[in-house]
$ cat query_25.txt   # compact mmCIF, C-alpha atoms (C1' of nucleotides)
# COMPACT_ATOMS: atom_id res chain seq x y z
CA MET A 1 7.74 32.14 -31.75
CA ASN A 2 7.45 33.80 -35.09
CA ALA A 3 4.24 32.00 -36.01
CA SER A 4 4.06 32.74 -39.71
CA SER A 5 1.22 34.66 -41.31
CA LYS A 6 -0.89 31.58 -42.05
CA SER A 7 -3.10 29.90 -39.49
CA GLU A 8 -1.12 28.40 -36.64
CA ARG A 9 1.51 26.79 -38.82
CA THR A 10 1.16 23.24 -37.56
CA ARG A 11 2.44 20.18 -39.33
CA LEU A 12 0.04 18.41 -41.69
CA SER A 13 -1.20 14.83 -41.82
CA ALA A 14 -2.76 12.83 -44.63
CA GLU A 15 -6.17 13.36 -43.05
CA ASN A 16 -5.71 17.12 -43.20
CA TRP A 17 -5.16 16.85 -46.93
CA GLU A 18 -8.20 14.62 -47.36
CA ASP A 19 -10.46 17.00 -45.46
CA ALA A 20 -9.16 19.97 -47.39
CA ALA A 21 -9.73 18.04 -50.60
CA LEU A 22 -13.36 17.42 -49.67
CA VAL A 23 -13.88 21.09 -48.89
CA LEU A 24 -12.40 22.07 -52.21
CA ILE A 25 -14.52 19.48 -54.02
CA ALA A 26 -17.64 20.78 -52.32
CA GLU A 27 -16.80 24.34 -53.31
CA GLN A 28 -15.45 23.96 -56.83
CA GLY A 29 -15.94 20.38 -57.94
CA VAL A 30 -13.67 17.41 -58.49
CA GLY A 31 -12.10 19.00 -61.55
CA ALA A 32 -10.70 21.79 -59.41
CA LEU A 33 -8.82 19.35 -57.22
CA ALA A 34 -5.23 20.27 -58.11
CA VAL A 35 -2.34 19.61 -55.80
CA GLU A 36 -0.66 22.99 -56.10
CA ALA A 37 -3.94 24.79 -55.49
CA LEU A 38 -4.63 22.64 -52.44
CA ALA A 39 -1.11 23.22 -51.19
CA ARG A 40 -1.52 26.99 -51.45
CA ARG A 41 -4.75 26.69 -49.50
CA LEU A 42 -2.95 24.83 -46.71
CA GLY A 43 -0.03 27.23 -46.73
CA VAL A 44 2.51 24.70 -47.97
CA THR A 45 3.92 23.51 -51.30
CA LYS A 46 3.81 20.41 -53.47
CA GLY A 47 6.78 18.99 -51.66
CA SER A 48 4.55 18.37 -48.67
CA PHE A 49 1.83 16.73 -50.68
CA TYR A 50 4.01 14.16 -52.38
CA TRP A 51 5.33 13.03 -49.04
CA HIS A 52 1.82 12.05 -47.91
CA PHE A 53 0.42 10.77 -51.21
CA ARG A 54 1.90 8.97 -54.14
CA THR A 55 -0.32 10.73 -56.67
CA ARG A 56 -3.27 13.04 -57.15
CA GLU A 57 -5.56 10.09 -57.78
CA ALA A 58 -4.48 8.57 -54.48
CA LEU A 59 -5.65 11.68 -52.66
CA LEU A 60 -9.00 11.63 -54.45
CA GLN A 61 -9.42 7.96 -53.62
CA ALA A 62 -8.63 8.51 -49.95
CA ALA A 63 -10.88 11.55 -49.74
CA LEU A 64 -13.77 9.64 -51.30
CA GLU A 65 -13.36 6.73 -48.90
CA ARG A 66 -13.30 9.18 -46.02
CA TRP A 67 -16.46 10.86 -47.28
CA GLU A 68 -18.24 7.56 -47.82
CA GLN A 69 -17.67 6.40 -44.26
CA TYR A 70 -18.42 9.77 -42.76
CA GLY A 71 -21.64 10.05 -44.75
CA GLU A 72 -22.65 6.60 -43.61
CA ARG A 73 -22.88 7.71 -40.00
CA GLU A 74 -24.93 10.70 -41.04
CA VAL A 75 -27.59 8.57 -42.71
CA ILE A 76 -27.61 6.03 -39.90
CA ALA A 77 -28.16 8.83 -37.42
CA GLN A 78 -31.16 10.01 -39.39
CA ILE A 79 -32.57 6.51 -39.26
CA GLU A 80 -32.32 5.83 -35.57
CA ALA A 81 -33.42 9.30 -34.53
CA ILE A 82 -37.07 8.65 -35.34
CA SER A 83 -38.79 5.85 -33.45
CA ASP A 84 -42.35 5.88 -34.82
CA PRO A 85 -42.27 4.25 -38.29
CA ARG A 86 -45.32 6.30 -39.26
CA GLU A 87 -43.47 9.56 -38.66
CA ARG A 88 -40.07 8.46 -39.89
CA LEU A 89 -40.42 9.39 -43.54
CA PRO A 90 -42.03 12.83 -43.16
CA GLU A 91 -39.49 13.77 -40.53
CA LEU A 92 -36.63 12.46 -42.66
CA PHE A 93 -37.84 14.52 -45.60
CA ARG A 94 -38.05 17.69 -43.55
CA ARG A 95 -34.69 17.26 -41.90
CA VAL A 96 -32.87 16.44 -45.09
CA ALA A 97 -34.55 19.40 -46.77
CA HIS A 98 -33.34 21.88 -44.19
CA GLU A 99 -29.73 20.90 -44.19
CA VAL A 100 -27.35 22.26 -46.73
CA GLN A 101 -23.75 21.37 -46.05
CA PRO A 102 -23.95 17.57 -46.26
CA HIS A 103 -25.41 17.80 -49.75
CA ARG A 104 -22.61 19.91 -51.16
CA VAL A 105 -20.13 17.09 -51.67
CA TYR A 106 -22.80 14.75 -52.99
CA ALA A 107 -23.90 17.37 -55.51
CA ALA A 108 -20.32 17.97 -56.56
CA LEU A 109 -19.75 14.25 -57.05
CA LEU A 110 -22.85 14.02 -59.21
CA LYS A 111 -21.12 16.37 -61.60
CA ALA A 112 -18.04 14.16 -61.64
CA LEU A 113 -19.64 10.92 -62.75
CA ASP A 114 -17.23 10.86 -65.69
CA HIS A 115 -14.40 10.06 -63.32
CA PRO A 116 -13.86 6.33 -62.82
CA LEU A 117 -13.01 6.72 -59.14
CA VAL A 118 -16.23 8.42 -58.09
CA VAL A 119 -18.63 6.12 -59.94
CA PRO A 120 -18.32 3.10 -57.62
CA VAL A 121 -18.51 5.30 -54.54
CA MET A 122 -21.66 7.04 -55.72
CA ALA A 123 -23.13 3.72 -56.79
CA ARG A 124 -22.65 2.24 -53.32
CA VAL A 125 -23.93 5.29 -51.48
CA SER A 126 -26.98 5.74 -53.67
CA GLN A 127 -27.75 2.05 -53.53
CA ARG A 128 -27.63 1.93 -49.73
CA ARG A 129 -29.76 5.02 -49.35
CA THR A 130 -32.34 3.74 -51.80
CA GLU A 131 -32.53 0.44 -49.94
CA PHE A 132 -33.01 2.30 -46.68
CA LEU A 133 -35.85 4.25 -48.21
CA ALA A 134 -37.38 1.03 -49.50
CA THR A 135 -37.54 -0.53 -46.04
CA ALA A 136 -38.95 2.70 -44.68
CA PHE A 137 -41.71 2.61 -47.28
CA ARG A 138 -42.44 -1.01 -46.42
CA GLU A 139 -42.71 -0.09 -42.78
CA ALA A 140 -45.07 2.65 -43.85
CA GLY A 141 -47.40 0.06 -45.32
CA LEU A 142 -46.43 -0.32 -48.97
CA PRO A 143 -46.07 -3.81 -50.45
CA PRO A 144 -42.43 -4.71 -51.19
CA ALA A 145 -42.41 -4.22 -54.96
CA GLU A 146 -44.19 -0.90 -54.69
CA ALA A 147 -41.98 0.19 -51.82
CA LEU A 148 -38.87 -0.34 -53.89
CA ASN A 149 -40.21 1.65 -56.81
CA ARG A 150 -41.36 4.41 -54.49
CA ALA A 151 -37.88 4.50 -52.99
CA ARG A 152 -36.33 4.79 -56.44
CA LEU A 153 -38.71 7.58 -57.32
CA THR A 154 -38.06 9.41 -54.08
CA TYR A 155 -34.32 9.19 -54.27
CA ALA A 156 -34.33 10.21 -57.92
CA ALA A 157 -36.38 13.25 -56.95
CA TYR A 158 -33.78 14.09 -54.33
CA VAL A 159 -30.90 13.77 -56.75
CA GLY A 160 -32.71 15.75 -59.42
CA PHE A 161 -33.59 18.49 -57.00
CA LEU A 162 -29.95 18.86 -56.05
CA GLN A 163 -29.00 19.35 -59.67
CA LEU A 164 -31.79 21.72 -60.57
CA ASN A 165 -31.98 23.98 -57.54
CA PHE A 166 -28.57 23.60 -56.00
CA THR A 167 -25.96 23.21 -58.65
CA LEU A 168 -28.01 24.90 -61.27
CA GLY A 169 -29.64 28.05 -59.89
CA LEU A 170 -33.17 27.70 -61.16
CA PRO A 171 -35.37 30.76 -60.48
CA ARG A 172 -34.32 30.87 -56.87
CA ILE A 173 -37.29 29.42 -55.09
CA SER A 174 -38.24 31.37 -51.97
CA HIS A 175 -38.10 29.95 -48.48
CA GLU A 176 -41.87 29.64 -48.11
CA ASP A 177 -42.26 28.13 -51.56
CA PHE A 178 -39.57 25.63 -50.70
CA ASP A 179 -41.38 24.56 -47.55
CA ALA A 180 -44.56 24.20 -49.57
CA TYR A 181 -42.66 22.07 -52.06
CA VAL A 182 -41.37 19.78 -49.33
CA GLU A 183 -44.86 19.35 -47.92
CA HIS A 184 -46.11 18.62 -51.41
CA MET A 185 -43.48 15.93 -51.77
CA ILE A 186 -44.53 14.41 -48.46
CA ALA A 187 -48.20 14.42 -49.43
CA THR A 188 -47.49 12.94 -52.85
CA LEU A 189 -44.86 10.33 -52.11
CA ILE A 190 -45.68 9.10 -48.61
CA PRO A 191 -48.74 6.86 -48.18
CA ALA A 192 -51.32 8.27 -45.78
CA MET B 1 -10.40 9.40 -107.96
CA ASN B 2 -8.15 8.41 -105.15
CA ALA B 3 -10.78 8.91 -102.45
CA SER B 4 -8.66 8.72 -99.34
CA SER B 5 -9.15 6.06 -96.70
CA LYS B 6 -11.59 8.09 -94.58
CA SER B 7 -15.29 8.38 -95.31
CA GLU B 8 -16.05 10.19 -98.54
CA ARG B 9 -13.60 12.99 -97.98
CA THR B 10 -15.95 15.96 -98.33
CA ARG B 11 -15.21 19.47 -97.16
CA LEU B 12 -16.47 20.44 -93.69
CA SER B 13 -18.73 23.25 -92.48
CA ALA B 14 -19.16 24.77 -89.04
CA GLU B 15 -22.36 22.76 -88.60
CA ASN B 16 -20.46 19.52 -89.19
CA TRP B 17 -18.15 20.43 -86.35
CA GLU B 18 -21.06 21.32 -84.06
CA ASP B 19 -22.83 18.03 -84.74
CA ALA B 20 -19.66 16.06 -84.20
CA ALA B 21 -19.11 17.98 -80.97
CA LEU B 22 -22.57 17.00 -79.71
CA VAL B 23 -21.94 13.36 -80.54
CA LEU B 24 -18.66 13.43 -78.68
CA ILE B 25 -20.28 15.19 -75.71
CA ALA B 26 -23.01 12.57 -75.61
CA GLU B 27 -20.46 9.79 -75.67
CA GLN B 28 -17.70 11.07 -73.42
CA GLY B 29 -18.88 14.28 -71.78
CA VAL B 30 -18.04 17.94 -72.18
CA GLY B 31 -14.60 17.47 -70.67
CA ALA B 32 -13.60 15.23 -73.55
CA LEU B 33 -14.35 17.92 -76.10
CA ALA B 34 -10.84 18.59 -77.39
CA VAL B 35 -10.19 20.07 -80.80
CA GLU B 36 -7.45 17.68 -81.87
CA ALA B 37 -9.52 14.67 -80.85
CA LEU B 38 -12.51 16.00 -82.75
CA ALA B 39 -10.35 16.70 -85.77
CA ARG B 40 -9.04 13.13 -85.78
CA ARG B 41 -12.63 11.92 -85.62
CA LEU B 42 -13.52 13.98 -88.68
CA GLY B 43 -10.41 12.94 -90.54
CA VAL B 44 -8.81 16.38 -90.56
CA THR B 45 -6.44 18.42 -88.38
CA LYS B 46 -6.56 21.47 -86.12
CA GLY B 47 -5.85 23.70 -89.08
CA SER B 48 -9.36 23.06 -90.31
CA PHE B 49 -10.96 23.71 -86.95
CA TYR B 50 -9.41 27.12 -86.40
CA TRP B 51 -10.66 28.28 -89.74
CA HIS B 52 -14.28 27.66 -88.69
CA PHE B 53 -14.04 28.66 -85.03
CA ARG B 54 -12.06 31.22 -83.16
CA THR B 55 -11.67 29.06 -80.07
CA ARG B 56 -12.71 25.85 -78.38
CA GLU B 57 -15.24 27.71 -76.26
CA ALA B 58 -16.80 29.15 -79.40
CA LEU B 59 -17.47 25.63 -80.67
CA LEU B 60 -19.00 24.57 -77.37
CA GLN B 61 -21.20 27.65 -77.36
CA ALA B 62 -22.38 27.02 -80.93
CA ALA B 63 -22.98 23.33 -80.27
CA LEU B 64 -25.03 24.13 -77.17
CA GLU B 65 -27.15 26.65 -79.04
CA ARG B 66 -27.73 24.11 -81.77
CA TRP B 67 -28.74 21.48 -79.23
CA GLU B 68 -31.08 23.86 -77.42
CA GLN B 69 -33.02 24.71 -80.55
CA TYR B 70 -33.10 21.15 -81.82
CA GLY B 71 -34.30 19.88 -78.44
CA GLU B 72 -37.03 22.48 -78.42
CA ARG B 73 -38.73 20.96 -81.42
CA GLU B 74 -38.52 17.53 -79.83
CA VAL B 75 -40.45 18.61 -76.73
CA ILE B 76 -42.97 20.62 -78.74
CA ALA B 77 -43.64 17.54 -80.84
CA GLN B 78 -44.34 15.51 -77.73
CA ILE B 79 -46.82 18.16 -76.64
CA GLU B 80 -48.91 18.43 -79.77
CA ALA B 81 -48.94 14.72 -80.48
CA ILE B 82 -51.45 13.95 -77.76
CA SER B 83 -54.85 15.59 -78.03
CA ASP B 84 -56.74 14.32 -74.98
CA PRO B 85 -55.44 16.26 -71.92
CA ARG B 86 -56.36 13.30 -69.73
CA GLU B 87 -54.04 10.99 -71.61
CA ARG B 88 -51.26 13.48 -72.29
CA LEU B 89 -49.20 12.93 -69.18
CA PRO B 90 -49.23 9.12 -69.04
CA GLU B 91 -48.40 8.96 -72.72
CA LEU B 92 -45.64 11.52 -72.33
CA PHE B 93 -44.14 9.51 -69.49
CA ARG B 94 -44.18 6.30 -71.47
CA ARG B 95 -42.74 7.81 -74.61
CA VAL B 96 -39.96 9.67 -72.84
CA ALA B 97 -39.14 6.53 -70.89
CA HIS B 98 -38.67 4.43 -73.99
CA GLU B 99 -36.37 6.74 -75.85
CA VAL B 100 -32.69 6.75 -75.19
CA GLN B 101 -30.74 8.87 -77.59
CA PRO B 102 -32.25 12.30 -76.84
CA HIS B 103 -31.35 11.93 -73.18
CA ARG B 104 -27.69 11.28 -73.78
CA VAL B 105 -26.67 14.87 -74.35
CA TYR B 106 -28.85 16.12 -71.52
CA ALA B 107 -27.29 13.61 -69.15
CA ALA B 108 -23.82 14.59 -70.29
CA LEU B 109 -24.59 18.27 -69.73
CA LEU B 110 -25.83 17.51 -66.24
CA LYS B 111 -22.32 16.36 -65.45
CA ALA B 112 -20.87 19.58 -66.80
CA LEU B 113 -22.73 22.03 -64.63
CA ASP B 114 -19.41 23.39 -63.47
CA HIS B 115 -18.88 24.92 -66.87
CA PRO B 116 -20.20 28.49 -67.12
CA LEU B 117 -21.41 28.04 -70.70
CA VAL B 118 -23.70 25.09 -70.04
CA VAL B 119 -25.39 26.46 -66.92
CA PRO B 120 -27.59 29.07 -68.65
CA VAL B 121 -28.54 26.61 -71.38
CA MET B 122 -29.56 23.94 -68.92
CA ALA B 123 -31.38 26.51 -66.82
CA ARG B 124 -33.47 27.62 -69.79
CA VAL B 125 -34.23 24.12 -71.01
CA SER B 126 -35.13 22.78 -67.59
CA GLN B 127 -37.22 25.83 -66.84
CA ARG B 128 -39.24 25.52 -70.04
CA ARG B 129 -39.82 21.81 -69.60
CA THR B 130 -40.92 22.28 -66.00
CA GLU B 131 -43.36 24.98 -67.04
CA PHE B 132 -44.74 22.70 -69.71
CA LEU B 133 -45.27 19.98 -67.14
CA ALA B 134 -46.97 22.49 -64.85
CA THR B 135 -49.58 23.42 -67.45
CA ALA B 136 -50.11 19.74 -68.21
CA PHE B 137 -50.78 19.06 -64.54
CA ARG B 138 -53.21 21.99 -64.42
CA GLU B 139 -55.03 20.59 -67.42
CA ALA B 140 -55.11 17.29 -65.59
CA GLY B 141 -57.07 18.92 -62.79
CA LEU B 142 -54.52 20.08 -60.23
CA PRO B 143 -54.84 23.59 -58.75
CA PRO B 144 -52.09 25.93 -60.02
CA ALA B 145 -49.84 25.96 -56.96
CA GLU B 146 -50.01 22.21 -56.61
CA ALA B 147 -49.48 21.72 -60.33
CA LEU B 148 -46.25 23.68 -60.22
CA ASN B 149 -44.88 21.68 -57.32
CA ARG B 150 -45.89 18.44 -58.95
CA ALA B 151 -44.10 19.55 -62.10
CA ARG B 152 -40.96 20.31 -60.11
CA LEU B 153 -41.15 16.94 -58.42
CA THR B 154 -41.71 15.13 -61.70
CA TYR B 155 -38.91 16.82 -63.53
CA ALA B 156 -36.55 16.33 -60.62
CA ALA B 157 -37.40 12.64 -60.69
CA TYR B 158 -36.56 12.57 -64.38
CA VAL B 159 -33.22 14.28 -63.88
CA GLY B 160 -32.35 12.10 -60.92
CA PHE B 161 -33.25 8.96 -62.80
CA LEU B 162 -30.91 9.94 -65.60
CA GLN B 163 -28.05 10.30 -63.16
CA LEU B 164 -28.71 7.16 -61.19
CA ASN B 165 -29.60 4.66 -63.88
CA PHE B 166 -28.05 6.15 -66.96
CA THR B 167 -24.84 7.87 -66.13
CA LEU B 168 -24.26 5.83 -63.05
CA GLY B 169 -24.97 2.18 -63.69
CA LEU B 170 -27.06 1.26 -60.68
CA PRO B 171 -27.86 -2.49 -60.44
CA ARG B 172 -29.00 -2.64 -64.06
CA ILE B 173 -32.72 -2.69 -63.72
CA SER B 174 -34.36 -5.22 -66.05
CA HIS B 175 -36.70 -4.28 -68.84
CA GLU B 176 -39.83 -5.53 -67.08
CA ASP B 177 -38.84 -3.90 -63.82
CA PHE B 178 -38.30 -0.67 -65.67
CA ASP B 179 -41.77 -0.77 -67.18
CA ALA B 180 -43.19 -1.44 -63.74
CA TYR B 181 -41.25 1.54 -62.43
CA VAL B 182 -42.67 3.80 -65.12
CA GLU B 183 -46.20 2.65 -64.34
CA HIS B 184 -45.54 3.24 -60.67
CA MET B 185 -44.43 6.79 -61.48
CA ILE B 186 -47.61 7.35 -63.47
CA ALA B 187 -49.80 6.02 -60.69
CA THR B 188 -47.99 8.06 -58.05
CA LEU B 189 -47.48 11.39 -59.77
CA ILE B 190 -50.46 11.76 -62.08
CA PRO B 191 -53.86 12.54 -60.52
CA ALA B 192 -56.50 9.95 -61.31
C1' DT C 1 22.97 16.71 -27.74
C1' DC C 2 22.87 14.19 -31.28
C1' DG C 3 21.19 11.79 -34.93
C1' DT C 4 17.29 9.74 -37.17
C1' DT C 5 12.85 10.23 -38.86
C1' DA C 6 9.08 13.09 -40.45
C1' DC C 7 7.81 16.95 -42.93
C1' DC C 8 8.46 20.65 -46.24
C1' DA C 9 10.77 24.05 -49.98
C1' DT C 10 12.93 24.79 -54.36
C1' DA C 11 13.89 23.75 -58.80
C1' DC C 12 13.50 20.90 -62.13
C1' DG C 13 11.58 17.54 -66.21
C1' DC C 14 7.86 16.27 -69.03
C1' DA C 15 3.26 15.50 -71.21
C1' DT C 16 -0.95 17.56 -72.82
C1' DG C 17 -3.75 20.56 -75.19
C1' DA C 18 -4.92 25.37 -76.77
C1' DG C 19 -3.83 28.71 -80.04
C1' DT C 20 -0.72 30.79 -84.08
C1' DA C 21 1.87 31.22 -88.47
C1' DT C 22 2.24 30.05 -92.86
C1' DG C 23 2.02 27.66 -96.97
C1' DG C 24 -0.43 24.16 -99.87
C1' DA C 25 -4.63 22.28 -102.08
C1' DT C 26 -9.41 22.67 -103.77
C1' DT C 27 -13.41 24.96 -105.31
C1' DG C 28 -16.41 28.23 -107.85
C1' DG C 29 -17.03 32.60 -110.53
C1' DC C 30 -15.62 34.64 -114.85
C1' DG D 1 -8.19 28.00 -117.83
C1' DC D 2 -7.29 31.45 -114.22
C1' DC D 3 -7.82 33.98 -110.02
C1' DA D 4 -9.56 34.54 -105.63
C1' DA D 5 -11.82 32.63 -101.87
C1' DT D 6 -12.26 28.80 -99.10
C1' DC D 7 -10.59 24.98 -96.68
C1' DC D 8 -6.91 22.28 -94.67
C1' DA D 9 -1.87 20.49 -93.20
C1' DT D 10 2.43 21.18 -90.89
C1' DA D 11 5.13 23.05 -87.65
C1' DC D 12 5.69 25.65 -84.34
C1' DT D 13 4.82 28.55 -79.34
C1' DC D 14 3.14 28.69 -74.81
C1' DA D 15 0.67 27.84 -70.47
C1' DT D 16 -0.75 24.44 -67.11
C1' DG D 17 -0.36 20.88 -64.01
C1' DC D 18 1.56 16.34 -62.64
C1' DG D 19 5.37 14.14 -60.86
C1' DT D 20 10.59 13.91 -59.40
C1' DA D 21 15.06 15.04 -57.34
C1' DT D 22 17.29 16.82 -53.76
C1' DG D 23 18.42 19.46 -49.96
C1' DG D 24 16.79 21.91 -45.73
C1' DT D 25 14.45 22.23 -41.09
C1' DA D 26 11.70 20.77 -37.09
C1' DA D 27 10.44 17.07 -33.78
C1' DC D 28 11.64 13.29 -30.89
C1' DG D 29 13.75 9.21 -28.86
C1' DA D 30 18.15 7.58 -26.86

$ encode --input "query_25.txt" --output "structure tokens"
Amino acid sequence: MNASSKSERTRLSAENWEDAALVLIAEQGVGALAVEALARRLGVTKGSFYWHFRTREALLQAALERWEQYGEREVIAQIEAISDPRERLPELFRRVAHEVQPHRVYAALLKALDHPLVVPVMARVSQRRTEFLATAFREAGLPPAEALNRARLTYAAYVGFLQLNFTLGLPRISHEDFDAYVEHMIATLIPA
Amino acid sequence: MNASSKSERTRLSAENWEDAALVLIAEQGVGALAVEALARRLGVTKGSFYWHFRTREALLQAALERWEQYGEREVIAQIEAISDPRERLPELFRRVAHEVQPHRVYAALLKALDHPLVVPVMARVSQRRTEFLATAFREAGLPPAEALNRARLTYAAYVGFLQLNFTLGLPRISHEDFDAYVEHMIATLIPA
DNA sequence: TCGTTACCATACGCATGAGTATGGATTGGC
DNA sequence: GCCAATCCATACTCATGCGTATGGTAACGA
């Protein structure tokens, strides 16, 4: 017995460290990812960490890969969920707008675009999502060239919104106003 | 005589340090703002710095204030330059799109939203610019509520574009494609 | 049950960068 | 030409955070 004060006191794996790293990144940003801080959080010490990873960068790399694959499934799920191409985009907008958690890591990584490891990951993710939006806009009736530009515009609006109203705390938009904003986006960006 | 190797060897003022700080921030981000590095750049040592500023944070604060006021004039100039309300927005879009330098600091600060000193500055600047856009959209014929949301959407698209195509190096859009994108933005976001 | 492997603690070394102490050089008022 | 500010260099201290060395303990197969 004698389970120590911390939670359940089970042995740790590399995946545990990666998940904890992502949580910490979401909460305090990539810059706050320090091994001793993470170790404290997990109720262990550095000694544990350096058994699982060769360096701090290695952990970040692994955590980013993990996030990229995990986030892939999330987007794919959003795609397949809606059958009618006409309703896909409005529904996607509304669903994405009313989630919070999945955006936290993405927003944190946007603030870490100085770091060489996160740039390629963000480039791939953003690229794929933009391309997905482009096909959706084509299916909604826009000609290819226009669809691509509309996708760029839409995804840029998403990214910018994260920065302005999420990371930054602009005049705390109310819940009703936010819904109105989302509907305005739909009316403006999605062809009738 | 005997002008030393470095440029002109004149004495430095606090403003010199602030300007140099902004240049460094634009080039390498807020995180790279270190006093010894800056000193090397200016051809002096720390000893000089700590005569002008009490701390590193004090320099950052002063540099941000300087940038905020300087950037104010820039936006105001864009406003007054265009007389016809009908043509104001398209012209603003095109002009902003074809500048580069003024966006560098803003983009760098977007990546430093973790830092407590930059958050209020960015909040004020973004707020003012959004409000300016809102009045422009009202003058362009949109009802107030709609104008505000359109302004939010537009400014978010601007911020997101900076991140995706500036900071991040998404598939290097060509010059013609970029112009087409800007025109697409105009057609989509500005009421006819 | 015994030893080997997997996991973790403790105690270091070491680099970086902020801030301090103090003395030297340069400038402008008189 | 001299004195007092002003500006800067040199040489430290000190905290932080990465990485290492090494020994201890828990799990697990034979």

$ atom_distance --input "query_25.txt" --atom1 "C1' of DA21 (chain C)" --atom2 "CA of Thr55 (chain B)"
16.1 Å

$ interface_residues --input "query_25.txt" --of "chain A" --to "chain C" --cutoff "12 Å" --atoms "all atoms listed in the file" --output "PDB file with C-alpha atoms, in the frame of the given file"
ATOM      1  CA  ARG A   9       1.510  26.790 -38.820  1.00  0.00           C
ATOM      2  CA  THR A  10       1.160  23.240 -37.560  1.00  0.00           C
ATOM      3  CA  ARG A  11       2.440  20.180 -39.330  1.00  0.00           C
ATOM      4  CA  LEU A  12       0.040  18.410 -41.690  1.00  0.00           C
ATOM      5  CA  SER A  13      -1.200  14.830 -41.820  1.00  0.00           C
ATOM      6  CA  ALA A  14      -2.760  12.830 -44.630  1.00  0.00           C
ATOM      7  CA  ALA A  39      -1.110  23.220 -51.190  1.00  0.00           C
ATOM      8  CA  GLY A  43      -0.030  27.230 -46.730  1.00  0.00           C
ATOM      9  CA  VAL A  44       2.510  24.700 -47.970  1.00  0.00           C
ATOM     10  CA  THR A  45       3.920  23.510 -51.300  1.00  0.00           C
ATOM     11  CA  LYS A  46       3.810  20.410 -53.470  1.00  0.00           C
ATOM     12  CA  GLY A  47       6.780  18.990 -51.660  1.00  0.00           C
ATOM     13  CA  SER A  48       4.550  18.370 -48.670  1.00  0.00           C
ATOM     14  CA  PHE A  49       1.830  16.730 -50.680  1.00  0.00           C
ATOM     15  CA  TYR A  50       4.010  14.160 -52.380  1.00  0.00           C
ATOM     16  CA  TRP A  51       5.330  13.030 -49.040  1.00  0.00           C
ATOM     17  CA  HIS A  52       1.820  12.050 -47.910  1.00  0.00           C
TER      18      HIS A  52
END

$ atom_distance --input "query_25.txt" --atom1 "CA of Val75 (chain A)" --atom2 "CA of Ser126 (chain A)"
11.3 Å

$ interface_residues --input "query_25.txt" --of "chain D" --to "chain A" --cutoff "9 Å" --atoms "only C-alpha atoms (C1' of nucleotides)" --output "PyMOL selection string"
chain D and resi 17-19

$ write_last_selection --input "query_25.txt" --atoms "C-alpha atoms (C1' of nucleotides)" --output "mmCIF file, keeping the file's coordinate frame"
data_model
loop_
_atom_site.group_PDB
_atom_site.id
_atom_site.type_symbol
_atom_site.label_atom_id
_atom_site.label_comp_id
_atom_site.auth_asym_id
_atom_site.auth_seq_id
_atom_site.Cartn_x
_atom_site.Cartn_y
_atom_site.Cartn_z
ATOM 1 C "C1'" DG D 17 -0.360 20.880 -64.010
ATOM 2 C "C1'" DC D 18 1.560 16.340 -62.640
ATOM 3 C "C1'" DG D 19 5.370 14.140 -60.860
#

$ closest_residue --input "query_25.txt" --among "B:Leu142, B:Leu24, B:Leu117, B:Ala112" --to "chain A" --atoms "only C-alpha atoms"
B:Ala112

$ closest_atom_pairs --input "query_25.txt" --of "chain A" --to "chain B" --cutoff "9 Å" --atoms "only C-alpha atoms" --output "Markdown table"
| residue | atom | partner | partner_atom | distance |
| --- | --- | --- | --- | --- |
| A:Gln28 | CA | B:Asp114 | CA | 7.8 |
| A:Gly29 | CA | B:Asp114 | CA | 7.2 |
| A:Gly31 | CA | B:Asp114 | CA | 8.7 |
| A:Ala108 | CA | B:Asp114 | CA | 8.8 |
| A:Leu110 | CA | B:Lys111 | CA | 6.7 |
| A:Lys111 | CA | B:Lys111 | CA | 4.0 |
| A:Ala112 | CA | B:Lys111 | CA | 6.1 |
| A:Leu113 | CA | B:Lys111 | CA | 6.6 |
| A:Asp114 | CA | B:Gly29 | CA | 7.2 |
| A:Val119 | CA | B:Leu168 | CA | 6.4 |
| A:Pro120 | CA | B:Leu168 | CA | 8.5 |
| A:Met122 | CA | B:Leu168 | CA | 7.9 |
| A:Ala123 | CA | B:Leu170 | CA | 6.1 |
| A:Arg124 | CA | B:Leu170 | CA | 8.6 |
| A:Ser126 | CA | B:Leu164 | CA | 7.8 |
| A:Gln127 | CA | B:Leu170 | CA | 7.2 |
| A:Glu146 | CA | B:His184 | CA | 7.4 |
| A:Asn149 | CA | B:Tyr181 | CA | 5.7 |
| A:Arg150 | CA | B:His184 | CA | 7.6 |
| A:Arg152 | CA | B:Phe161 | CA | 8.2 |
| A:Leu153 | CA | B:Ala157 | CA | 6.2 |
| A:Thr154 | CA | B:Ala157 | CA | 7.4 |
| A:Tyr155 | CA | B:Gly160 | CA | 7.5 |
| A:Ala156 | CA | B:Gly160 | CA | 4.1 |
| A:Ala157 | CA | B:Ala157 | CA | 3.9 |
| A:Tyr158 | CA | B:Gly160 | CA | 7.0 |
| A:Val159 | CA | B:Gly160 | CA | 4.7 |
| A:Gly160 | CA | B:Gly160 | CA | 4.0 |
| A:Phe161 | CA | B:Ala156 | CA | 5.2 |
| A:Leu162 | CA | B:Ala156 | CA | 8.4 |
| A:Gln163 | CA | B:Leu110 | CA | 7.5 |
| A:Leu164 | CA | B:Ala156 | CA | 7.2 |
| A:Thr167 | CA | B:Leu113 | CA | 6.9 |
| A:Leu168 | CA | B:Val119 | CA | 6.4 |
| A:Gly169 | CA | B:Ala123 | CA | 7.3 |
| A:Leu170 | CA | B:Ala123 | CA | 6.1 |
| A:Pro171 | CA | B:Gln127 | CA | 8.3 |
| A:Ala180 | CA | B:Asn149 | CA | 8.2 |
| A:Tyr181 | CA | B:Asn149 | CA | 5.7 |
| A:Val182 | CA | B:Asn149 | CA | 8.9 |
| A:His184 | CA | B:Asn149 | CA | 6.8 |
| A:Met185 | CA | B:Leu153 | CA | 7.1 |
| A:Thr188 | CA | B:Leu189 | CA | 7.1 |
| A:Leu189 | CA | B:Thr188 | CA | 7.1 |
